[in-house]
$ cat data-v2.cif   # mmCIF, N, CA, C and O atoms
data_target
#
loop_
_atom_site.label_atom_id
_atom_site.label_comp_id
_atom_site.auth_asym_id
_atom_site.auth_seq_id
_atom_site.Cartn_x
_atom_site.Cartn_y
_atom_site.Cartn_z
N ALA A 169 -5.60 12.81 -21.49
CA ALA A 169 -5.09 11.46 -21.59
C ALA A 169 -6.24 10.47 -21.55
O ALA A 169 -7.22 10.68 -20.86
N THR A 170 -6.09 9.43 -22.28
CA THR A 170 -7.11 8.37 -22.27
C THR A 170 -6.72 7.31 -21.26
O THR A 170 -5.59 7.27 -20.78
N LEU A 171 -7.65 6.43 -20.94
CA LEU A 171 -7.36 5.34 -20.01
C LEU A 171 -6.21 4.49 -20.53
O LEU A 171 -5.41 3.99 -19.74
N ALA A 172 -6.09 4.34 -21.82
CA ALA A 172 -5.01 3.54 -22.40
C ALA A 172 -3.65 4.16 -22.10
O ALA A 172 -2.65 3.45 -22.04
N ASP A 173 -3.60 5.48 -21.88
CA ASP A 173 -2.35 6.17 -21.59
C ASP A 173 -2.01 6.15 -20.10
O ASP A 173 -0.93 6.55 -19.72
N GLN A 174 -2.92 5.72 -19.25
CA GLN A 174 -2.73 5.81 -17.81
C GLN A 174 -2.23 4.49 -17.23
O GLN A 174 -2.54 3.42 -17.73
N ALA A 175 -1.44 4.63 -16.16
CA ALA A 175 -1.02 3.45 -15.42
C ALA A 175 -2.25 2.88 -14.71
O ALA A 175 -3.04 3.63 -14.15
N THR A 176 -2.43 1.59 -14.77
CA THR A 176 -3.60 0.96 -14.16
C THR A 176 -3.23 -0.02 -13.06
O THR A 176 -4.10 -0.61 -12.44
N GLU A 177 -1.93 -0.20 -12.81
CA GLU A 177 -1.53 -1.18 -11.80
C GLU A 177 -0.19 -0.77 -11.20
O GLU A 177 0.69 -0.27 -11.89
N VAL A 178 -0.07 -0.98 -9.90
CA VAL A 178 1.19 -0.82 -9.19
C VAL A 178 1.35 -2.05 -8.32
O VAL A 178 0.40 -2.49 -7.67
N ARG A 179 2.53 -2.62 -8.30
CA ARG A 179 2.80 -3.77 -7.44
C ARG A 179 3.84 -3.36 -6.40
O ARG A 179 4.79 -2.67 -6.73
N ALA A 180 3.62 -3.81 -5.18
CA ALA A 180 4.55 -3.48 -4.10
C ALA A 180 4.75 -4.71 -3.23
O ALA A 180 3.88 -5.59 -3.16
N GLU A 181 5.89 -4.78 -2.60
CA GLU A 181 6.19 -5.88 -1.70
C GLU A 181 6.76 -5.34 -0.40
O GLU A 181 7.37 -4.28 -0.39
N VAL A 182 6.54 -6.09 0.66
CA VAL A 182 7.18 -5.78 1.94
C VAL A 182 7.66 -7.10 2.53
O VAL A 182 6.94 -8.10 2.49
N ASP A 183 8.88 -7.12 2.99
CA ASP A 183 9.41 -8.32 3.62
C ASP A 183 8.85 -8.45 5.03
O ASP A 183 8.79 -7.49 5.78
N VAL A 184 8.42 -9.64 5.37
CA VAL A 184 7.94 -9.92 6.72
C VAL A 184 9.18 -10.16 7.58
O VAL A 184 9.86 -11.17 7.43
N THR A 185 9.49 -9.19 8.42
CA THR A 185 10.65 -9.29 9.30
C THR A 185 10.20 -9.17 10.75
O THR A 185 9.11 -8.67 11.04
N GLN A 186 11.04 -9.60 11.65
CA GLN A 186 10.72 -9.50 13.06
C GLN A 186 10.53 -8.04 13.47
O GLN A 186 9.67 -7.72 14.29
N ARG A 187 11.28 -7.16 12.89
CA ARG A 187 11.19 -5.73 13.22
C ARG A 187 9.82 -5.14 12.88
O ARG A 187 9.35 -4.21 13.53
N LEU A 188 9.16 -5.67 11.86
CA LEU A 188 7.84 -5.17 11.44
C LEU A 188 6.69 -6.01 12.01
O LEU A 188 5.55 -5.82 11.62
N SER A 189 7.01 -6.91 12.92
CA SER A 189 6.00 -7.82 13.45
C SER A 189 5.47 -7.37 14.81
O SER A 189 6.14 -6.66 15.55
N THR A 190 4.28 -7.85 15.12
CA THR A 190 3.69 -7.62 16.43
C THR A 190 4.27 -8.62 17.42
O THR A 190 4.98 -9.55 17.03
N MET A 191 3.94 -8.46 18.68
CA MET A 191 4.44 -9.40 19.70
C MET A 191 3.92 -10.81 19.43
O MET A 191 4.56 -11.78 19.80
N GLY A 192 2.78 -10.93 18.76
CA GLY A 192 2.25 -12.24 18.42
C GLY A 192 2.87 -12.86 17.18
O GLY A 192 2.54 -13.98 16.81
N GLY A 193 3.75 -12.14 16.51
CA GLY A 193 4.46 -12.67 15.35
C GLY A 193 3.85 -12.34 14.01
O GLY A 193 4.39 -12.71 12.98
N GLY A 194 2.72 -11.64 13.98
CA GLY A 194 2.11 -11.25 12.71
C GLY A 194 2.68 -9.94 12.20
O GLY A 194 3.15 -9.12 12.98
N LEU A 195 2.66 -9.76 10.91
CA LEU A 195 3.11 -8.51 10.32
C LEU A 195 2.20 -7.38 10.80
O LEU A 195 0.98 -7.50 10.74
N HIS A 196 2.78 -6.30 11.29
CA HIS A 196 2.01 -5.19 11.85
C HIS A 196 1.14 -4.55 10.76
O HIS A 196 1.59 -4.32 9.64
N GLY A 197 -0.12 -4.28 11.11
CA GLY A 197 -1.05 -3.67 10.16
C GLY A 197 -0.57 -2.33 9.64
O GLY A 197 -0.83 -1.96 8.49
N GLY A 198 0.15 -1.58 10.47
CA GLY A 198 0.69 -0.29 10.03
C GLY A 198 1.71 -0.45 8.90
O GLY A 198 1.78 0.38 8.00
N ALA A 199 2.48 -1.52 8.96
CA ALA A 199 3.46 -1.79 7.90
C ALA A 199 2.74 -2.12 6.59
O ALA A 199 3.11 -1.64 5.52
N ILE A 200 1.69 -2.93 6.70
CA ILE A 200 0.91 -3.28 5.51
C ILE A 200 0.27 -2.04 4.91
O ILE A 200 0.34 -1.80 3.70
N MET A 201 -0.36 -1.21 5.75
CA MET A 201 -1.06 -0.03 5.25
C MET A 201 -0.10 1.02 4.70
O MET A 201 -0.45 1.76 3.77
N SER A 202 1.11 1.10 5.24
CA SER A 202 2.10 2.04 4.70
C SER A 202 2.44 1.68 3.26
O SER A 202 2.53 2.56 2.39
N VAL A 203 2.62 0.39 3.00
CA VAL A 203 2.92 -0.06 1.63
C VAL A 203 1.73 0.20 0.72
O VAL A 203 1.88 0.66 -0.42
N CYS A 204 0.51 -0.07 1.22
CA CYS A 204 -0.69 0.16 0.41
C CYS A 204 -0.85 1.65 0.09
O CYS A 204 -1.18 2.02 -1.05
N ASP A 205 -0.63 2.51 1.07
CA ASP A 205 -0.76 3.95 0.86
C ASP A 205 0.28 4.45 -0.13
O ASP A 205 -0.01 5.26 -1.01
N LEU A 206 1.50 3.95 -0.02
CA LEU A 206 2.55 4.33 -0.96
C LEU A 206 2.22 3.88 -2.37
O LEU A 206 2.36 4.65 -3.33
N ALA A 207 1.75 2.64 -2.53
CA ALA A 207 1.39 2.13 -3.86
C ALA A 207 0.26 2.96 -4.46
O ALA A 207 0.28 3.30 -5.66
N ALA A 208 -0.74 3.31 -3.65
CA ALA A 208 -1.84 4.14 -4.15
C ALA A 208 -1.33 5.52 -4.57
O ALA A 208 -1.74 6.05 -5.60
N ALA A 209 -0.42 6.08 -3.79
CA ALA A 209 0.13 7.41 -4.13
C ALA A 209 0.91 7.36 -5.44
O ALA A 209 0.81 8.28 -6.27
N VAL A 210 1.67 6.30 -5.65
CA VAL A 210 2.42 6.16 -6.91
C VAL A 210 1.45 6.07 -8.09
O VAL A 210 1.63 6.74 -9.11
N LEU A 211 0.41 5.26 -7.95
CA LEU A 211 -0.57 5.11 -9.04
C LEU A 211 -1.28 6.43 -9.33
O LEU A 211 -1.40 6.84 -10.49
N VAL A 212 -1.72 7.11 -8.28
CA VAL A 212 -2.39 8.40 -8.48
C VAL A 212 -1.42 9.40 -9.11
O VAL A 212 -1.75 10.11 -10.07
N GLY A 213 -0.20 9.44 -8.59
CA GLY A 213 0.80 10.39 -9.11
C GLY A 213 1.11 10.17 -10.57
O GLY A 213 1.39 11.11 -11.31
N GLN A 214 1.04 8.94 -11.03
CA GLN A 214 1.31 8.64 -12.44
C GLN A 214 0.16 9.04 -13.34
O GLN A 214 0.33 9.12 -14.56
N ASN A 215 -1.00 9.30 -12.76
CA ASN A 215 -2.19 9.57 -13.57
C ASN A 215 -2.73 10.99 -13.43
O ASN A 215 -3.68 11.34 -14.13
N LEU A 216 -2.15 11.79 -12.56
CA LEU A 216 -2.60 13.17 -12.41
C LEU A 216 -1.91 14.09 -13.41
O LEU A 216 -0.77 13.83 -13.81
N PRO A 217 -2.57 15.15 -13.80
CA PRO A 217 -1.90 16.14 -14.65
C PRO A 217 -0.70 16.75 -13.92
O PRO A 217 -0.68 16.83 -12.69
N VAL A 218 0.29 17.17 -14.68
CA VAL A 218 1.49 17.78 -14.11
C VAL A 218 1.09 18.98 -13.24
O VAL A 218 0.25 19.79 -13.63
N GLY A 219 1.68 19.05 -12.06
CA GLY A 219 1.43 20.17 -11.16
C GLY A 219 0.30 19.95 -10.17
O GLY A 219 0.13 20.72 -9.24
N TRP A 220 -0.50 18.92 -10.35
CA TRP A 220 -1.58 18.63 -9.42
C TRP A 220 -1.02 17.89 -8.22
O TRP A 220 -0.02 17.19 -8.30
N GLY A 221 -1.71 17.97 -7.09
CA GLY A 221 -1.31 17.26 -5.88
C GLY A 221 -2.46 16.41 -5.36
O GLY A 221 -3.57 16.48 -5.86
N TRP A 222 -2.19 15.63 -4.35
CA TRP A 222 -3.21 14.77 -3.75
C TRP A 222 -2.80 14.44 -2.34
O TRP A 222 -1.67 14.68 -1.92
N THR A 223 -3.71 13.87 -1.60
CA THR A 223 -3.44 13.37 -0.26
C THR A 223 -4.42 12.24 0.04
O THR A 223 -5.47 12.15 -0.57
N THR A 224 -4.05 11.38 0.96
CA THR A 224 -4.96 10.34 1.42
C THR A 224 -5.87 10.95 2.46
O THR A 224 -5.41 11.42 3.50
N ALA A 225 -7.15 10.98 2.20
CA ALA A 225 -8.11 11.58 3.14
C ALA A 225 -8.54 10.57 4.20
O ALA A 225 -8.69 10.90 5.37
N GLU A 226 -8.72 9.33 3.79
CA GLU A 226 -9.18 8.31 4.74
C GLU A 226 -8.90 6.93 4.15
O GLU A 226 -8.99 6.73 2.94
N SER A 227 -8.57 6.01 5.02
CA SER A 227 -8.35 4.63 4.58
C SER A 227 -8.72 3.71 5.74
O SER A 227 -8.23 3.87 6.84
N THR A 228 -9.60 2.77 5.47
CA THR A 228 -10.03 1.81 6.49
C THR A 228 -9.81 0.41 5.96
O THR A 228 -10.17 0.10 4.83
N THR A 229 -9.20 -0.42 6.78
CA THR A 229 -8.95 -1.81 6.41
C THR A 229 -9.30 -2.70 7.58
O THR A 229 -8.98 -2.39 8.72
N TYR A 230 -9.92 -3.81 7.30
CA TYR A 230 -10.24 -4.81 8.32
C TYR A 230 -9.36 -6.03 8.07
O TYR A 230 -9.46 -6.66 7.02
N PHE A 231 -8.50 -6.32 9.02
CA PHE A 231 -7.62 -7.48 8.89
C PHE A 231 -8.33 -8.71 9.43
O PHE A 231 -8.77 -8.72 10.57
N LEU A 232 -8.43 -9.74 8.61
CA LEU A 232 -9.17 -10.95 8.98
C LEU A 232 -8.30 -12.01 9.63
O LEU A 232 -8.81 -12.86 10.36
N ARG A 233 -7.01 -11.99 9.35
CA ARG A 233 -6.09 -12.93 9.97
C ARG A 233 -4.68 -12.37 9.84
O ARG A 233 -4.41 -11.52 8.98
N PRO A 234 -3.76 -12.82 10.67
CA PRO A 234 -2.41 -12.27 10.61
C PRO A 234 -1.62 -12.78 9.41
O PRO A 234 -1.86 -13.88 8.91
N VAL A 235 -0.66 -11.99 8.99
CA VAL A 235 0.32 -12.40 8.00
C VAL A 235 1.52 -12.89 8.81
O VAL A 235 2.08 -12.13 9.59
N VAL A 236 1.89 -14.14 8.65
CA VAL A 236 3.00 -14.70 9.41
C VAL A 236 3.99 -15.39 8.48
O VAL A 236 3.64 -15.85 7.41
N ALA A 237 5.23 -15.41 8.92
CA ALA A 237 6.28 -16.10 8.18
C ALA A 237 7.35 -16.51 9.19
O ALA A 237 7.40 -15.98 10.30
N ASP A 238 8.20 -17.42 8.81
CA ASP A 238 9.32 -17.80 9.66
C ASP A 238 10.40 -16.74 9.53
O ASP A 238 11.05 -16.65 8.49
N VAL A 239 10.56 -15.90 10.56
CA VAL A 239 11.58 -14.85 10.52
C VAL A 239 12.53 -15.01 11.67
O VAL A 239 12.27 -15.60 12.66
#

$ encode --input "data-v2.cif" --output "structure tokens"
Amino acid sequence: ATLADQATEVRAEVDVTQRLSTMGGGLHGGAIMSVCDLAAAVLVGQNLPVGWGWTTAESTTYFLRPVVADV
């Protein structure tokens, strides 16, 4: 397959809810990273040959400020 045949973008959303928030009211980093990991898995899965598998070996993210919303 050529690059033109491959998926190059995945978009994902997560609702900022009280259930996914920290005690300080910010969206929990684990919720954010779960969505990111899922989006990456979908993109990889769309581009691997049939029958191949994958796993996330490591992922590091530095959060610079909280994600907040009126919930």

$ residues_around --input "data-v2.cif" --residues "Trp222 of chain A" --least-positions-apart "4" --cutoff "8 Å" --atoms "only N, CA, C and O atoms" --output "list of chain:residue names"
A:Ala209, A:Val212, A:Gly213

$ atom_distance --input "data-v2.cif" --atom1 "atom N of Gly192 of chain A" --atom2 "atom CA of Ser227 of chain A"
23.8 Å

$ residues_around --input "data-v2.cif" --residues "segment 180-190 of chain A" --least-positions-apart "3" --cutoff "7 Å" --atoms "all atoms listed in the file" --output "PyMOL selection string"
chain A and resi 193-200+203+207+235-239

$ write_last_selection --input "data-v2.cif" --atoms "N, CA, C and O atoms" --output "compact mmCIF listing (two decimals), in the coordinates of the input"
# COMPACT_ATOMS: atom_id res chain seq x y z
N GLY A 193 3.75 -12.14 16.51
CA GLY A 193 4.46 -12.67 15.35
C GLY A 193 3.85 -12.34 14.01
O GLY A 193 4.39 -12.71 12.98
N GLY A 194 2.72 -11.64 13.98
CA GLY A 194 2.11 -11.25 12.71
C GLY A 194 2.68 -9.94 12.20
O GLY A 194 3.15 -9.12 12.98
N LEU A 195 2.66 -9.76 10.91
CA LEU A 195 3.11 -8.51 10.32
C LEU A 195 2.20 -7.38 10.80
O LEU A 195 0.98 -7.50 10.74
N HIS A 196 2.78 -6.30 11.29
CA HIS A 196 2.01 -5.19 11.85
C HIS A 196 1.14 -4.55 10.76
O HIS A 196 1.59 -4.32 9.64
N GLY A 197 -0.12 -4.28 11.11
CA GLY A 197 -1.05 -3.67 10.16
C GLY A 197 -0.57 -2.33 9.64
O GLY A 197 -0.83 -1.96 8.49
N GLY A 198 0.15 -1.58 10.47
CA GLY A 198 0.69 -0.29 10.03
C GLY A 198 1.71 -0.45 8.90
O GLY A 198 1.78 0.38 8.00
N ALA A 199 2.48 -1.52 8.96
CA ALA A 199 3.46 -1.79 7.90
C ALA A 199 2.74 -2.12 6.59
O ALA A 199 3.11 -1.64 5.52
N ILE A 200 1.69 -2.93 6.70
CA ILE A 200 0.91 -3.28 5.51
C ILE A 200 0.27 -2.04 4.91
O ILE A 200 0.34 -1.80 3.70
N VAL A 203 2.62 0.39 3.00
CA VAL A 203 2.92 -0.06 1.63
C VAL A 203 1.73 0.20 0.72
O VAL A 203 1.88 0.66 -0.42
N ALA A 207 1.75 2.64 -2.53
CA ALA A 207 1.39 2.13 -3.86
C ALA A 207 0.26 2.96 -4.46
O ALA A 207 0.28 3.30 -5.66
N VAL A 235 -0.66 -11.99 8.99
CA VAL A 235 0.32 -12.40 8.00
C VAL A 235 1.52 -12.89 8.81
O VAL A 235 2.08 -12.13 9.59
N VAL A 236 1.89 -14.14 8.65
CA VAL A 236 3.00 -14.70 9.41
C VAL A 236 3.99 -15.39 8.48
O VAL A 236 3.64 -15.85 7.41
N ALA A 237 5.23 -15.41 8.92
CA ALA A 237 6.28 -16.10 8.18
C ALA A 237 7.35 -16.51 9.19
O ALA A 237 7.40 -15.98 10.30
N ASP A 238 8.20 -17.42 8.81
CA ASP A 238 9.32 -17.80 9.66
C ASP A 238 10.40 -16.74 9.53
O ASP A 238 11.05 -16.65 8.49
N VAL A 239 10.56 -15.90 10.56
CA VAL A 239 11.58 -14.85 10.52
C VAL A 239 12.53 -15.01 11.67
O VAL A 239 12.27 -15.60 12.66

$ atom_distance --input "data-v2.cif" --atom1 "atom CA of Arg233 of chain A" --atom2 "atom CA of Glu177 of chain A"
25.2 Å

$ axis_aligned_box --input "data-v2.cif" --around "segment 200-213 of chain A" --padding-each-side "4 Å" --output "lines of an AutoDock Vina configuration file"
center_x = 0.3
center_y = 3.9
center_z = -2.3
size_x = 13.3
size_y = 22.4
size_z = 26.0

$ atom_distance --input "data-v2.cif" --atom1 "atom CA of Ala208 of chain A" --atom2 "atom CA of Val178 of chain A"
7.7 Å

$ select_by_dssp --input "data-v2.cif" --residues "chain A" --states "alpha helix (DSSP H)" --output "list in words"
Gly197, Gly198, Ala199, Ile200, Met201, Ser202, Val203, Cys204, Asp205, Leu206, Ala207, Ala208, Ala209, Val210, Leu211, Val212, Gly213, Gln214 and Asn215 of chain A

$ write_last_selection --input "data-v2.cif" --atoms "N, CA, C and O atoms" --output "compact mmCIF listing (two decimals), in the coordinates of the input"
# COMPACT_ATOMS: atom_id res chain seq x y z
N GLY A 197 -0.12 -4.28 11.11
CA GLY A 197 -1.05 -3.67 10.16
C GLY A 197 -0.57 -2.33 9.64
O GLY A 197 -0.83 -1.96 8.49
N GLY A 198 0.15 -1.58 10.47
CA GLY A 198 0.69 -0.29 10.03
C GLY A 198 1.71 -0.45 8.90
O GLY A 198 1.78 0.38 8.00
N ALA A 199 2.48 -1.52 8.96
CA ALA A 199 3.46 -1.79 7.90
C ALA A 199 2.74 -2.12 6.59
O ALA A 199 3.11 -1.64 5.52
N ILE A 200 1.69 -2.93 6.70
CA ILE A 200 0.91 -3.28 5.51
C ILE A 200 0.27 -2.04 4.91
O ILE A 200 0.34 -1.80 3.70
N MET A 201 -0.36 -1.21 5.75
CA MET A 201 -1.06 -0.03 5.25
C MET A 201 -0.10 1.02 4.70
O MET A 201 -0.45 1.76 3.77
N SER A 202 1.11 1.10 5.24
CA SER A 202 2.10 2.04 4.70
C SER A 202 2.44 1.68 3.26
O SER A 202 2.53 2.56 2.39
N VAL A 203 2.62 0.39 3.00
CA VAL A 203 2.92 -0.06 1.63
C VAL A 203 1.73 0.20 0.72
O VAL A 203 1.88 0.66 -0.42
N CYS A 204 0.51 -0.07 1.22
CA CYS A 204 -0.69 0.16 0.41
C CYS A 204 -0.85 1.65 0.09
O CYS A 204 -1.18 2.02 -1.05
N ASP A 205 -0.63 2.51 1.07
CA ASP A 205 -0.76 3.95 0.86
C ASP A 205 0.28 4.45 -0.13
O ASP A 205 -0.01 5.26 -1.01
N LEU A 206 1.50 3.95 -0.02
CA LEU A 206 2.55 4.33 -0.96
C LEU A 206 2.22 3.88 -2.37
O LEU A 206 2.36 4.65 -3.33
N ALA A 207 1.75 2.64 -2.53
CA ALA A 207 1.39 2.13 -3.86
C ALA A 207 0.26 2.96 -4.46
O ALA A 207 0.28 3.30 -5.66
N ALA A 208 -0.74 3.31 -3.65
CA ALA A 208 -1.84 4.14 -4.15
C ALA A 208 -1.33 5.52 -4.57
O ALA A 208 -1.74 6.05 -5.60
N ALA A 209 -0.42 6.08 -3.79
CA ALA A 209 0.13 7.41 -4.13
C ALA A 209 0.91 7.36 -5.44
O ALA A 209 0.81 8.28 -6.27
N VAL A 210 1.67 6.30 -5.65
CA VAL A 210 2.42 6.16 -6.91
C VAL A 210 1.45 6.07 -8.09
O VAL A 210 1.63 6.74 -9.11
N LEU A 211 0.41 5.26 -7.95
CA LEU A 211 -0.57 5.11 -9.04
C LEU A 211 -1.28 6.43 -9.33
O LEU A 211 -1.40 6.84 -10.49
N VAL A 212 -1.72 7.11 -8.28
CA VAL A 212 -2.39 8.40 -8.48
C VAL A 212 -1.42 9.40 -9.11
O VAL A 212 -1.75 10.11 -10.07
N GLY A 213 -0.20 9.44 -8.59
CA GLY A 213 0.80 10.39 -9.11
C GLY A 213 1.11 10.17 -10.57
O GLY A 213 1.39 11.11 -11.31
N GLN A 214 1.04 8.94 -11.03
CA GLN A 214 1.31 8.64 -12.44
C GLN A 214 0.16 9.04 -13.34
O GLN A 214 0.33 9.12 -14.56
N ASN A 215 -1.00 9.30 -12.76
CA ASN A 215 -2.19 9.57 -13.57
C ASN A 215 -2.73 10.99 -13.43
O ASN A 215 -3.68 11.34 -14.13

$ closest_residue --input "data-v2.cif" --among "A:Leu206, A:Met191, A:Ala175, A:Met201" --to "Thr229 of chain A" --atoms "only C-alpha atoms"
A:Met201

$ decode --input "data-v2.cif" --residues "segment 179-233 of chain A" --atoms "C-alpha atoms" --output "PDB file, in the first residue's frame"
ATOM      1  CA  ARG A 179     -10.217  12.432  15.344  1.00  0.00           C
ATOM      2  CA  ALA A 180     -11.578  11.636  18.778  1.00  0.00           C
ATOM      3  CA  GLU A 181     -13.559  13.493  21.397  1.00  0.00           C
ATOM      4  CA  VAL A 182     -14.189  13.053  25.086  1.00  0.00           C
ATOM      5  CA  ASP A 183     -16.840  14.918  27.038  1.00  0.00           C
ATOM      6  CA  VAL A 184     -15.559  16.751  30.089  1.00  0.00           C
ATOM      7  CA  THR A 185     -17.811  15.404  32.830  1.00  0.00           C
ATOM      8  CA  GLN A 186     -17.635  15.500  36.592  1.00  0.00           C
ATOM      9  CA  ARG A 187     -17.147  11.720  36.617  1.00  0.00           C
ATOM     10  CA  LEU A 188     -13.918  12.062  34.580  1.00  0.00           C
ATOM     11  CA  SER A 189     -12.631  15.029  36.569  1.00  0.00           C
ATOM     12  CA  THR A 190     -10.110  15.330  39.359  1.00  0.00           C
ATOM     13  CA  MET A 191     -11.007  16.783  42.751  1.00  0.00           C
ATOM     14  CA  GLY A 192      -9.689  20.113  41.444  1.00  0.00           C
ATOM     15  CA  GLY A 193     -12.179  20.058  38.568  1.00  0.00           C
ATOM     16  CA  GLY A 194      -9.768  19.339  35.706  1.00  0.00           C
ATOM     17  CA  LEU A 195     -10.261  16.488  33.268  1.00  0.00           C
ATOM     18  CA  HIS A 196      -8.259  13.516  34.570  1.00  0.00           C
ATOM     19  CA  GLY A 197      -5.062  12.843  32.601  1.00  0.00           C
ATOM     20  CA  GLY A 198      -5.929   9.139  32.442  1.00  0.00           C
ATOM     21  CA  ALA A 199      -9.140   9.963  30.581  1.00  0.00           C
ATOM     22  CA  ILE A 200      -7.235  12.098  28.092  1.00  0.00           C
ATOM     23  CA  MET A 201      -4.557   9.445  27.545  1.00  0.00           C
ATOM     24  CA  SER A 202      -7.149   6.672  27.126  1.00  0.00           C
ATOM     25  CA  VAL A 203      -8.700   8.576  24.226  1.00  0.00           C
ATOM     26  CA  CYS A 204      -5.254   9.287  22.739  1.00  0.00           C
ATOM     27  CA  ASP A 205      -4.223   5.626  23.012  1.00  0.00           C
ATOM     28  CA  LEU A 206      -7.473   4.480  21.421  1.00  0.00           C
ATOM     29  CA  ALA A 207      -7.120   6.975  18.543  1.00  0.00           C
ATOM     30  CA  ALA A 208      -3.535   5.834  17.940  1.00  0.00           C
ATOM     31  CA  ALA A 209      -4.638   2.186  17.953  1.00  0.00           C
ATOM     32  CA  VAL A 210      -7.376   2.900  15.398  1.00  0.00           C
ATOM     33  CA  LEU A 211      -4.917   4.711  13.115  1.00  0.00           C
ATOM     34  CA  VAL A 212      -2.306   1.957  13.388  1.00  0.00           C
ATOM     35  CA  GLY A 213      -4.948  -0.738  12.904  1.00  0.00           C
ATOM     36  CA  GLN A 214      -6.142   0.909   9.703  1.00  0.00           C
ATOM     37  CA  ASN A 215      -2.625   0.905   8.280  1.00  0.00           C
ATOM     38  CA  LEU A 216      -1.245  -2.511   9.247  1.00  0.00           C
ATOM     39  CA  PRO A 217      -1.375  -5.497   6.933  1.00  0.00           C
ATOM     40  CA  VAL A 218      -4.201  -7.946   7.639  1.00  0.00           C
ATOM     41  CA  GLY A 219      -3.324 -10.320  10.466  1.00  0.00           C
ATOM     42  CA  TRP A 220      -0.654  -8.127  12.057  1.00  0.00           C
ATOM     43  CA  GLY A 221      -0.966  -6.951  15.670  1.00  0.00           C
ATOM     44  CA  TRP A 222       0.426  -4.126  17.759  1.00  0.00           C
ATOM     45  CA  THR A 223       0.592  -2.804  21.291  1.00  0.00           C
ATOM     46  CA  THR A 224       1.445   0.466  22.987  1.00  0.00           C
ATOM     47  CA  ALA A 225       4.933   0.005  24.416  1.00  0.00           C
ATOM     48  CA  GLU A 226       5.287   3.394  26.081  1.00  0.00           C
ATOM     49  CA  SER A 227       3.577   6.751  26.151  1.00  0.00           C
ATOM     50  CA  THR A 228       4.657   9.848  28.058  1.00  0.00           C
ATOM     51  CA  THR A 229       2.721  13.089  28.213  1.00  0.00           C
ATOM     52  CA  TYR A 230       3.387  16.272  30.156  1.00  0.00           C
ATOM     53  CA  PHE A 231       0.243  18.188  31.036  1.00  0.00           C
ATOM     54  CA  LEU A 232       0.906  21.932  31.171  1.00  0.00           C
ATOM     55  CA  ARG A 233      -2.479  23.058  32.463  1.00  0.00           C
TER      56      ARG A 233
END
